[in-house]
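Asker: So here's my_file10.cif (mmCIF, C-alpha atoms).
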```cif
data_model
loop_
_atom_site.label_atom_id
_atom_site.label_comp_id
_atom_site.auth_asym_id
_atom_site.auth_seq_id
_atom_site.Cartn_x
_atom_site.Cartn_y
_atom_site.Cartn_z
CA MET S 1 67.93 -0.99 40.92
CA ALA S 2 65.70 1.90 41.80
CA LYS S 3 62.62 1.78 43.98
CA THR S 4 59.67 4.08 43.60
CA LEU S 5 57.17 4.53 46.38
CA ILE S 6 53.75 4.06 44.82
CA ALA S 7 51.38 4.15 47.77
CA THR S 8 51.13 3.81 51.53
CA ALA S 9 48.37 2.22 53.58
CA THR S 10 48.28 2.94 57.30
CA ALA S 11 46.14 0.94 59.68
CA SER S 12 44.05 2.41 62.45
CA ALA S 13 41.79 -0.34 63.76
CA SER S 14 41.37 -1.40 60.11
CA SER S 15 39.73 -4.64 59.04
CA SER S 16 42.18 -4.86 56.14
CA LEU S 17 44.60 -2.80 54.06
CA SER S 18 44.16 -2.99 50.30
CA PHE S 19 45.95 -1.65 47.25
CA THR S 20 43.35 -1.46 44.49
CA SER S 21 45.27 0.73 42.07
CA GLY S 22 48.87 1.09 40.99
CA ILE S 23 49.50 -2.61 40.31
CA ASP S 24 49.96 -2.83 36.55
CA SER S 25 52.60 -3.21 33.87
CA THR S 26 54.50 -0.10 34.99
CA TYR S 27 56.83 -2.30 37.04
CA ASP S 28 57.89 -5.92 36.74
CA VAL S 29 58.54 -6.22 40.46
CA TYR S 30 56.49 -4.87 43.35
CA GLU S 31 57.67 -4.77 46.96
CA PHE S 32 55.35 -4.50 49.95
CA VAL S 33 57.12 -3.38 53.12
CA PHE S 34 55.32 -4.08 56.40
CA THR S 35 56.34 -2.01 59.39
CA ASN S 36 55.14 -2.94 62.87
CA MET S 37 51.88 -4.62 61.96
CA HIS S 38 50.06 -4.89 65.27
CA PRO S 39 46.93 -7.04 65.67
CA ALA S 40 43.96 -6.19 67.84
CA THR S 41 43.62 -9.90 68.64
CA ASN S 42 46.44 -11.83 70.26
CA ALA S 43 48.00 -14.59 68.14
CA ALA S 44 46.30 -13.52 64.90
CA ASN S 45 47.96 -14.56 61.63
CA PHE S 46 49.02 -11.89 59.14
CA THR S 47 47.70 -12.87 55.70
CA PHE S 48 47.23 -11.70 52.10
CA GLN S 49 45.21 -12.51 48.97
CA VAL S 50 44.97 -10.98 45.50
CA ASN S 51 42.31 -10.31 42.91
CA ALA S 52 42.71 -10.81 39.18
CA ALA S 53 41.82 -7.97 36.84
CA GLY S 54 38.10 -8.09 36.21
CA GLY S 55 37.65 -10.71 38.92
CA SER S 56 35.49 -10.48 41.98
CA GLY S 57 36.91 -11.01 45.42
CA PHE S 58 40.27 -11.85 46.91
CA ASN S 59 40.22 -15.56 46.24
CA GLU S 60 42.80 -16.52 43.62
CA THR S 61 44.23 -20.04 43.58
CA MET S 62 47.75 -20.41 44.93
CA THR S 63 50.29 -23.04 45.88
CA THR S 64 52.72 -22.03 48.59
CA SER S 65 55.46 -23.09 50.98
CA PHE S 66 56.07 -21.84 54.51
CA PHE S 67 59.07 -22.47 56.73
CA ARG S 68 60.09 -20.72 59.87
CA VAL S 69 62.74 -20.41 62.51
CA TYR S 70 62.03 -19.54 66.12
CA HIS S 71 63.75 -18.97 69.44
CA ASN S 72 62.14 -18.00 72.71
CA GLU S 73 63.29 -15.39 75.17
CA SER S 74 63.75 -18.00 77.92
CA ASP S 75 66.14 -19.96 75.68
CA THR S 76 64.26 -23.24 76.04
CA ALA S 77 63.04 -23.67 72.47
CA THR S 78 64.53 -23.32 69.00
CA ALA S 79 63.43 -24.79 65.68
CA LEU S 80 63.85 -24.61 61.92
CA TYR S 81 61.03 -26.42 60.18
CA LEU S 82 58.56 -26.65 57.32
CA ALA S 83 55.19 -25.42 58.57
CA THR S 84 52.82 -27.51 56.48
CA ALA S 85 49.80 -26.26 58.40
CA GLN S 86 50.48 -22.78 57.05
CA ASP S 87 50.91 -23.60 53.34
CA GLN S 88 48.36 -24.09 50.57
CA ALA S 89 48.05 -26.52 47.65
CA GLN S 90 45.81 -24.94 45.05
CA GLY S 91 44.00 -23.16 47.85
CA THR S 92 42.00 -19.96 47.63
CA ALA S 93 42.30 -18.87 51.26
CA TYR S 94 44.26 -15.86 52.46
CA GLN S 95 47.90 -16.98 52.70
CA GLN S 96 49.66 -16.60 56.03
CA LEU S 97 52.82 -14.50 55.93
CA PHE S 98 53.33 -14.68 59.70
CA HIS S 99 51.85 -17.09 62.19
CA GLU S 100 50.45 -15.73 65.45
CA VAL S 101 51.58 -12.17 66.10
CA GLY S 102 51.46 -11.01 69.71
CA ASN S 103 49.28 -8.04 70.60
CA SER S 104 50.94 -6.68 73.74
CA GLY S 105 51.84 -3.02 73.48
CA ASP S 106 55.37 -3.54 72.10
CA GLU S 107 54.63 -6.60 69.93
CA SER S 108 54.29 -6.59 66.13
CA MET S 109 55.77 -8.00 62.94
CA SER S 110 57.71 -6.42 60.07
CA GLY S 111 59.08 -7.60 56.76
CA ILE S 112 58.94 -7.58 52.99
CA MET S 113 56.92 -9.38 50.34
CA ILE S 114 57.98 -9.32 46.68
CA LEU S 115 55.48 -9.94 43.88
CA TYR S 116 56.86 -10.61 40.40
CA ALA S 117 55.26 -9.44 37.15
CA PRO S 118 51.67 -9.31 38.39
CA SER S 119 50.50 -7.98 35.04
CA SER S 120 51.78 -10.98 33.08
CA THR S 121 49.13 -12.75 31.03
CA THR S 122 51.53 -15.57 30.19
CA TYR S 123 52.91 -16.83 33.48
CA VAL S 124 51.76 -17.70 36.98
CA LYS S 125 52.65 -14.99 39.52
CA HIS S 126 55.54 -15.72 41.87
CA PHE S 127 55.98 -14.16 45.28
CA LEU S 128 58.50 -14.30 48.13
CA SER S 129 58.15 -13.04 51.67
CA ARG S 130 60.40 -12.81 54.73
CA THR S 131 59.15 -11.37 57.98
CA ASN S 132 60.33 -11.20 61.55
CA GLY S 133 57.89 -10.87 64.36
CA TYR S 134 57.11 -11.19 68.00
CA TYR S 135 55.27 -14.48 68.24
CA ALA S 136 52.54 -14.39 70.86
CA ALA S 137 54.40 -16.54 73.39
CA ASP S 138 57.52 -14.34 73.63
CA PHE S 139 59.38 -15.89 70.71
CA THR S 140 61.19 -14.27 67.83
CA THR S 141 60.12 -15.91 64.58
CA ASP S 142 61.73 -15.57 61.16
CA ALA S 143 59.09 -16.61 58.60
CA PHE S 144 59.81 -17.47 54.94
CA VAL S 145 56.85 -17.83 52.59
CA ALA S 146 56.88 -18.29 48.82
CA GLY S 147 54.74 -19.65 46.06
CA TYR S 148 52.78 -18.72 43.02
CA ILE S 149 49.31 -17.52 42.24
CA ASN S 150 48.19 -20.06 39.71
CA THR S 151 46.62 -17.84 37.12
CA THR S 152 47.67 -16.31 33.83
CA SER S 153 45.27 -13.43 34.38
CA ALA S 154 46.82 -10.14 35.43
CA ILE S 155 46.68 -9.38 39.16
CA ASP S 156 45.75 -5.80 39.92
CA GLU S 157 44.60 -5.77 43.56
CA ILE S 158 46.03 -7.07 46.82
CA ASP S 159 44.61 -7.23 50.32
CA PHE S 160 46.28 -7.75 53.70
CA LYS S 161 44.50 -8.60 56.94
CA PHE S 162 44.79 -10.52 60.18
CA SER S 163 43.06 -13.90 60.44
CA SER S 164 41.10 -12.60 63.40
CA GLY S 165 40.28 -9.06 64.44
CA ASN S 166 41.48 -5.75 63.08
CA ILE S 167 44.88 -4.44 62.12
CA ASP S 168 45.21 -2.20 65.13
CA ALA S 169 48.22 -0.31 63.74
CA GLY S 170 50.98 -0.61 61.18
CA THR S 171 52.02 0.61 57.77
CA ILE S 172 52.35 -1.10 54.40
CA LYS S 173 54.22 0.64 51.62
CA MET S 174 54.04 -0.48 48.03
CA PHE S 175 57.13 0.11 45.89
CA GLY S 176 57.79 -0.47 42.23
CA VAL S 177 61.25 -1.76 41.36
CA SER S 178 62.89 -0.83 38.09
CA MET H 1 55.17 9.42 44.15
CA ALA H 2 56.08 10.64 40.69
CA ILE H 3 55.84 14.26 39.61
CA GLY H 4 52.91 14.72 37.25
CA THR H 5 53.18 15.07 33.51
CA GLY H 6 51.61 18.52 33.44
CA GLN H 7 53.16 21.75 34.59
CA VAL H 8 56.07 21.32 36.99
CA SER H 9 56.72 23.80 39.80
CA LEU H 10 59.70 24.17 42.11
CA SER H 11 57.39 23.10 44.88
CA ASP H 12 56.59 19.86 43.01
CA ILE H 13 60.29 19.12 42.72
CA GLN H 14 60.92 19.86 46.38
CA THR H 15 58.03 17.62 47.42
CA GLU H 16 59.42 14.72 45.41
CA TYR H 17 63.14 15.14 45.99
CA GLY H 18 63.35 17.05 49.26
CA GLY H 19 65.65 20.02 49.74
CA SER H 20 65.97 23.15 51.79
CA ASN H 21 64.29 26.53 51.74
CA PRO H 22 64.74 28.84 49.99
CA ILE H 23 64.73 26.41 47.08
CA GLN H 24 67.94 26.38 45.06
CA LEU H 25 67.96 24.66 41.70
CA SER H 26 71.54 23.55 42.25
CA GLU H 27 70.25 21.08 44.83
CA TYR H 28 68.60 19.14 42.05
CA TYR H 29 71.51 18.46 39.75
CA SER H 30 71.50 14.78 38.75
CA LYS H 31 67.95 14.31 40.06
CA GLY H 32 65.28 13.13 37.66
CA ASN H 33 66.64 13.78 34.17
CA ALA H 34 68.57 16.87 35.22
CA PRO H 35 72.21 17.24 34.21
CA ALA H 36 75.02 17.19 36.76
CA SER H 37 75.69 20.87 36.03
CA GLY H 38 74.55 23.71 33.82
CA GLU H 39 70.99 24.62 32.88
CA ILE H 40 68.03 22.87 34.50
CA GLN H 41 64.65 22.88 32.75
CA LEU H 42 61.73 22.23 35.07
CA TRP H 43 59.38 20.46 32.70
CA ALA H 44 61.90 18.71 30.47
CA ASP H 45 64.06 17.47 33.32
CA PHE H 46 61.44 16.58 35.92
CA GLN H 47 58.01 15.86 34.48
CA GLY H 48 57.00 12.27 35.22
CA THR H 49 60.13 11.56 37.27
CA SER H 50 60.30 10.20 40.79
CA ALA H 51 62.89 10.05 43.52
CA ASP H 52 64.55 6.73 44.17
CA ALA H 53 62.93 5.50 47.35
CA HIS H 54 66.07 3.54 48.15
CA THR H 55 68.35 6.30 49.38
CA PHE H 56 72.05 5.95 50.03
CA ILE H 57 72.88 7.67 53.32
CA SER H 58 76.53 6.95 54.08
CA SER H 59 79.22 4.30 54.00
CA GLN H 60 82.11 3.12 56.11
CA THR H 61 85.20 1.49 54.64
CA ALA H 62 87.46 -0.75 56.68
CA SER H 63 91.23 -0.58 56.68
CA ALA H 64 92.46 -2.77 59.51
CA SER H 65 89.56 -1.32 61.52
CA SER H 66 88.49 -2.59 64.92
CA SER H 67 84.90 -1.72 64.04
CA LEU H 68 82.72 0.25 61.62
CA SER H 69 80.08 2.46 63.22
CA PHE H 70 77.22 4.63 62.01
CA THR H 71 76.61 7.17 64.75
CA SER H 72 74.36 9.54 62.82
CA GLY H 73 71.64 9.23 60.23
CA ILE H 74 69.58 6.59 62.05
CA ASP H 75 66.38 8.35 63.04
CA SER H 76 62.74 8.75 62.06
CA THR H 77 63.63 9.94 58.55
CA TYR H 78 63.17 6.36 57.32
CA ASP H 79 61.07 3.47 58.57
CA VAL H 80 63.45 0.88 57.16
CA TYR H 81 67.24 0.91 57.07
CA GLU H 82 69.39 -1.45 55.01
CA PHE H 83 73.05 -2.13 55.69
CA HIS H 84 74.83 -3.70 52.74
CA PHE H 85 78.11 -5.25 53.79
CA VAL H 86 80.41 -5.97 50.89
CA ASN H 87 83.50 -8.18 50.97
CA CYS H 88 84.16 -7.85 54.66
CA HIS H 89 87.51 -9.55 55.12
CA PRO H 90 88.76 -10.48 58.59
CA ALA H 91 92.31 -10.23 59.81
CA THR H 92 91.73 -13.42 61.80
CA ALA H 93 90.81 -16.74 60.17
CA GLY H 94 87.37 -17.98 61.19
CA ALA H 95 86.11 -14.63 62.49
CA ARG H 96 82.42 -13.76 62.10
CA LEU H 97 80.99 -10.34 61.25
CA THR H 98 78.82 -9.20 64.17
CA PHE H 99 76.71 -6.18 65.04
CA GLN H 100 75.01 -4.37 67.93
CA MET H 101 72.85 -1.26 68.23
CA ASP H 102 72.72 1.46 70.84
CA SER H 103 69.88 3.36 72.44
CA GLY H 104 72.21 5.68 74.30
CA SER H 105 73.70 3.39 76.88
CA GLY H 106 76.32 1.58 74.84
CA TYR H 107 76.31 -1.27 72.36
CA ALA H 108 74.63 -3.76 74.68
CA THR H 109 70.95 -3.71 73.78
CA THR H 110 68.97 -6.81 74.75
CA MET H 111 67.95 -9.00 71.82
CA THR H 112 66.42 -12.39 71.05
CA THR H 113 67.56 -13.89 67.76
CA THR H 114 67.52 -16.90 65.44
CA ASN H 115 70.37 -18.14 63.28
CA PHE H 116 70.47 -20.82 60.62
CA LEU H 117 72.70 -21.62 57.70
CA ALA H 118 72.83 -23.57 54.49
CA GLU H 119 76.27 -24.65 53.35
CA ASN H 120 78.23 -26.77 50.94
CA ALA H 121 81.93 -27.48 50.50
CA GLU H 122 83.98 -26.88 47.40
CA ASN H 123 84.62 -30.64 47.30
CA ASN H 124 80.85 -31.19 47.42
CA SER H 125 80.89 -32.71 50.90
CA GLY H 126 79.28 -31.45 54.08
CA ALA H 127 76.13 -29.92 52.62
CA ALA H 128 73.82 -28.95 55.47
CA LEU H 129 70.84 -26.90 56.54
CA VAL H 130 71.05 -26.39 60.30
CA TYR H 131 69.86 -24.14 63.12
CA ARG H 132 72.84 -22.67 64.99
CA THR H 133 72.10 -22.61 68.72
CA ILE H 134 75.62 -21.38 69.46
CA ARG H 135 75.08 -18.29 67.31
CA ASP H 136 71.70 -17.11 68.57
CA GLN H 137 70.75 -15.09 71.66
CA ALA H 138 67.90 -15.24 74.18
CA GLN H 139 67.63 -11.85 75.82
CA GLY H 140 71.36 -11.47 75.30
CA THR H 141 73.35 -8.27 75.07
CA SER H 142 76.31 -9.54 73.05
CA TYR H 143 77.19 -8.58 69.50
CA GLN H 144 75.09 -10.78 67.18
CA PRO H 145 76.92 -12.75 64.45
CA ILE H 146 75.40 -12.18 61.01
CA THR H 147 77.83 -14.35 59.08
CA GLY H 148 79.42 -17.74 59.55
CA ASN H 149 83.17 -18.19 59.92
CA ILE H 150 84.99 -16.13 57.28
CA TRP H 151 88.44 -17.28 56.37
CA ASN H 152 91.24 -14.80 55.88
CA ASN H 153 92.78 -16.08 52.68
CA SER H 154 93.19 -13.15 50.35
CA ASP H 155 90.11 -14.09 48.31
CA ASP H 156 87.79 -14.89 51.25
CA SER H 157 85.16 -12.49 52.55
CA GLY H 158 81.53 -12.12 53.58
CA SER H 159 78.77 -10.06 51.96
CA GLY H 160 75.08 -9.53 52.60
CA VAL H 161 72.27 -7.27 53.75
CA LEU H 162 70.98 -6.46 57.24
CA THR H 163 67.53 -4.82 57.36
CA VAL H 164 66.36 -2.98 60.48
CA TYR H 165 62.72 -1.94 60.83
CA GLN H 166 61.74 1.37 62.39
CA PRO H 167 64.67 1.79 64.79
CA SER H 168 63.22 5.09 65.99
CA SER H 169 59.98 3.57 67.30
CA SER H 170 59.25 4.30 70.94
CA THR H 171 56.34 1.84 70.91
CA TYR H 172 57.57 -1.45 69.49
CA VAL H 173 60.53 -3.80 69.75
CA LYS H 174 62.87 -3.43 66.76
CA HIS H 175 62.80 -6.23 64.20
CA PHE H 176 65.70 -7.09 61.94
CA THR H 177 66.56 -9.69 59.31
CA SER H 178 69.88 -10.50 57.70
CA VAL H 179 71.11 -12.67 54.87
CA ALA H 180 74.78 -13.22 54.10
CA SER H 181 77.08 -15.35 52.00
CA VAL H 182 80.61 -16.11 53.14
CA SER H 183 83.57 -18.13 51.96
CA GLY H 184 85.24 -20.02 54.75
CA ASN H 185 87.94 -22.68 54.57
CA GLY H 186 86.57 -24.26 51.41
CA PHE H 187 82.91 -23.83 52.34
CA ALA H 188 80.18 -21.59 50.95
CA ASP H 189 77.88 -20.57 53.81
CA SER H 190 74.52 -18.82 53.50
CA ASN H 191 73.57 -17.33 56.84
CA TYR H 192 70.08 -16.24 57.85
CA VAL H 193 69.77 -14.28 61.07
CA ALA H 194 66.75 -12.45 62.46
CA GLY H 195 65.28 -11.24 65.70
CA TYR H 196 64.30 -8.22 67.68
CA PHE H 197 65.92 -5.75 70.00
CA ASN H 198 63.69 -6.04 73.03
CA THR H 199 63.44 -2.37 73.79
CA THR H 200 60.95 0.40 73.14
CA SER H 201 63.74 2.99 73.21
CA ALA H 202 64.84 4.42 69.88
CA LEU H 203 68.03 2.90 68.48
CA THR H 204 70.24 5.56 66.97
CA ARG H 205 73.64 3.95 66.39
CA ILE H 206 74.96 0.70 64.99
CA ASP H 207 78.36 -0.95 65.20
CA PHE H 208 79.87 -3.77 63.15
CA LYS H 209 82.98 -5.70 64.14
CA MET H 210 84.57 -9.10 63.72
CA SER H 211 84.18 -11.65 66.51
CA SER H 212 87.98 -11.71 66.68
CA GLY H 213 90.56 -9.31 65.30
CA ASN H 214 90.14 -6.41 62.95
CA ILE H 215 88.03 -5.90 59.87
CA ASP H 216 90.96 -5.98 57.51
CA ALA H 217 88.98 -4.66 54.54
CA GLY H 218 85.42 -4.24 53.32
CA GLU H 219 82.63 -1.72 53.19
CA VAL H 220 79.26 -1.23 54.88
CA ARG H 221 76.76 1.00 53.09
CA MET H 222 73.68 2.39 54.87
CA TYR H 223 70.47 3.02 52.90
CA GLY H 224 67.09 4.40 53.93
CA VAL H 225 63.81 3.29 52.39
CA ALA H 226 61.39 6.16 51.79
CA THR H 227 58.63 6.98 54.22
CA SER H 228 56.70 9.23 51.86
#
```
Show the structure stored in the file as structure tokens.

Answerer:
Amino acid sequence: MAKTLIATATASASSSLSFTSGIDSTYDVYEFVFTNMHPATNAANFTFQVNAAGGSGFNETMTTSFFRVYHNESDTATALYLATAQDQAQGTAYQQLFHEVGNSGDESMSGIMILYAPSSTTYVKHFLSRTNGYYAADFTTDAFVAGYINTTSAIDEIDFKFSSGNIDAGTIKMFGVS
Amino acid sequence: MAIGTGQVSLSDIQTEYGGSNPIQLSEYYSKGNAPASGEIQLWADFQGTSADAHTFISSQTASASSSLSFTSGIDSTYDVYEFHFVNCHPATAGARLTFQMDSGSGYATTMTTTNFLAENAENNSGAALVYRTIRDQAQGTSYQPITGNIWNNSDDSGSGVLTVYQPSSSTYVKHFTSVASVSGNGFADSNYVAGYFNTTSALTRIDFKMSSGNIDAGEVRMYGVATS
């Protein structure tokens, strides 16, 4: 397995970070690596959507699952559970990859999302994501999100943003895997 | 970013693959389509090629070792570091592979973590998906287990990947995730551990050891994921 860095998007009080080129049939697998995504607004959700080639807007239909694990710094709460409020069933909303990131100076979230064969015109488009972050109430959260974008059209654009407010800081790198 | 398909200069190659000044072609043997030795042709060997963004940095191999440490190479060169642990075999039955990181004051950095596992037995009993409160930490400074109990039969071991995000940051806490598979006393365990080191100091060293006894055998390989 070899990874090739295709592009980098760095936030600076950005409303969103998009990759609008470089997603094509060159690679079967694309990885998006998030490093220290820091919201301007406390407890904002980190989300993504995609746009099909020739489509308009980040609003493709997807069905997803979301489960998470958490533990707080005061050692009074732990959980491993399916977060049904954060999934979608044939929805067109931006999909949460992390629920409620803290915005204190040292708080952020990091992780990886893998998108499989976005240029396929035969299959739906599968994705997997795992992120760890500093949940707004001083918890560590390990978030697992997966699903498929329910279209046989090629996907050639992707957009990441917080559910509220800007991406104050953080970097997303897009890699092709061969 | 790949080198273009037009003319290729030494500077293009250095930008893509790194290297020192003055530029020496011998640094680029086995890069791109270049041979391991002999003549290098700039256009034929490098046009359209790109460096692997997943860079092997170093490895540590256990031989009845009390621990395996990486005390150099963790810095701002990479935003993301991966530690692939392969067939780590304990001397002591039921030992767990653990790790800690150091910001300069010893392997006792404060962390808050989660730990859950999915498991099944070879006799198809005892399948479970459970959170492990006895293997997590809340602002703890202990070594963090990243596997379940590994047995020490000759064919038992634990393997997996630990990913650490931007250990050199002086702004943010340091996130990590880990996934591992172990064989233990007739069980297959999948272990998922994550959390953050609750410090804004840069972490520059990492140490792996068993919760009890030596690491009898096994290897840990450190990779960096490209920043540019």

Asker: Starting from the PyMOL selection byres ((chain H) within 7 of (chain S)), expand the selection into actual residues of this file and give them as a count of residues only.

Answerer: 23

Asker: Quick check on the file I pasted: which residues fall under the PyMOL selection byres ((chain S and resi 124-128) around 7)? Write them as a list in words.

Answerer: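 Evaluating the PyMOL selection byres ((chain S and resi 124-128) around 7) on these coordinates yields Met113, Ile114, Leu115, Tyr116, Ala117, Pro118, Tyr123, Ser129, Val145, Ala146, Gly147, Tyr148, Ile149, Asn150, Thr151 and Thr152 of chain S.
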
Asker: S:Thr41, S:Thr92, S:Thr61, S:Ser56: which is nearest S:Ala13, counting only C-alpha atoms?

Answerer: S:Thr41

Asker: Quick one: pull the distance between atom CA of H:Met101 and atom CA of H:Asn198, Å, one decimal.

Answerer: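 Value for the atom CA of H:Met101-atom CA of H:Asn198 distance: 11.4 Å.
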
Asker: Quick one: everything within 7 Å of H:Gly48, counting all atoms listed in the file, minus sequence neighbours fewer than 5 positions away in the same chain. Send it as a list in words.

Answerer: Ala2, Ile3, Gly4 and Thr5 of chain H

Asker: Leaving out S:Ser14 and any residue of its chain fewer than 4 positions from it, which residues lie within 10 Å of it when counting all atoms listed in the file, given as a PyMOL selection string?

Answerer: chain S and resi 10+39-40+161-162+165-170
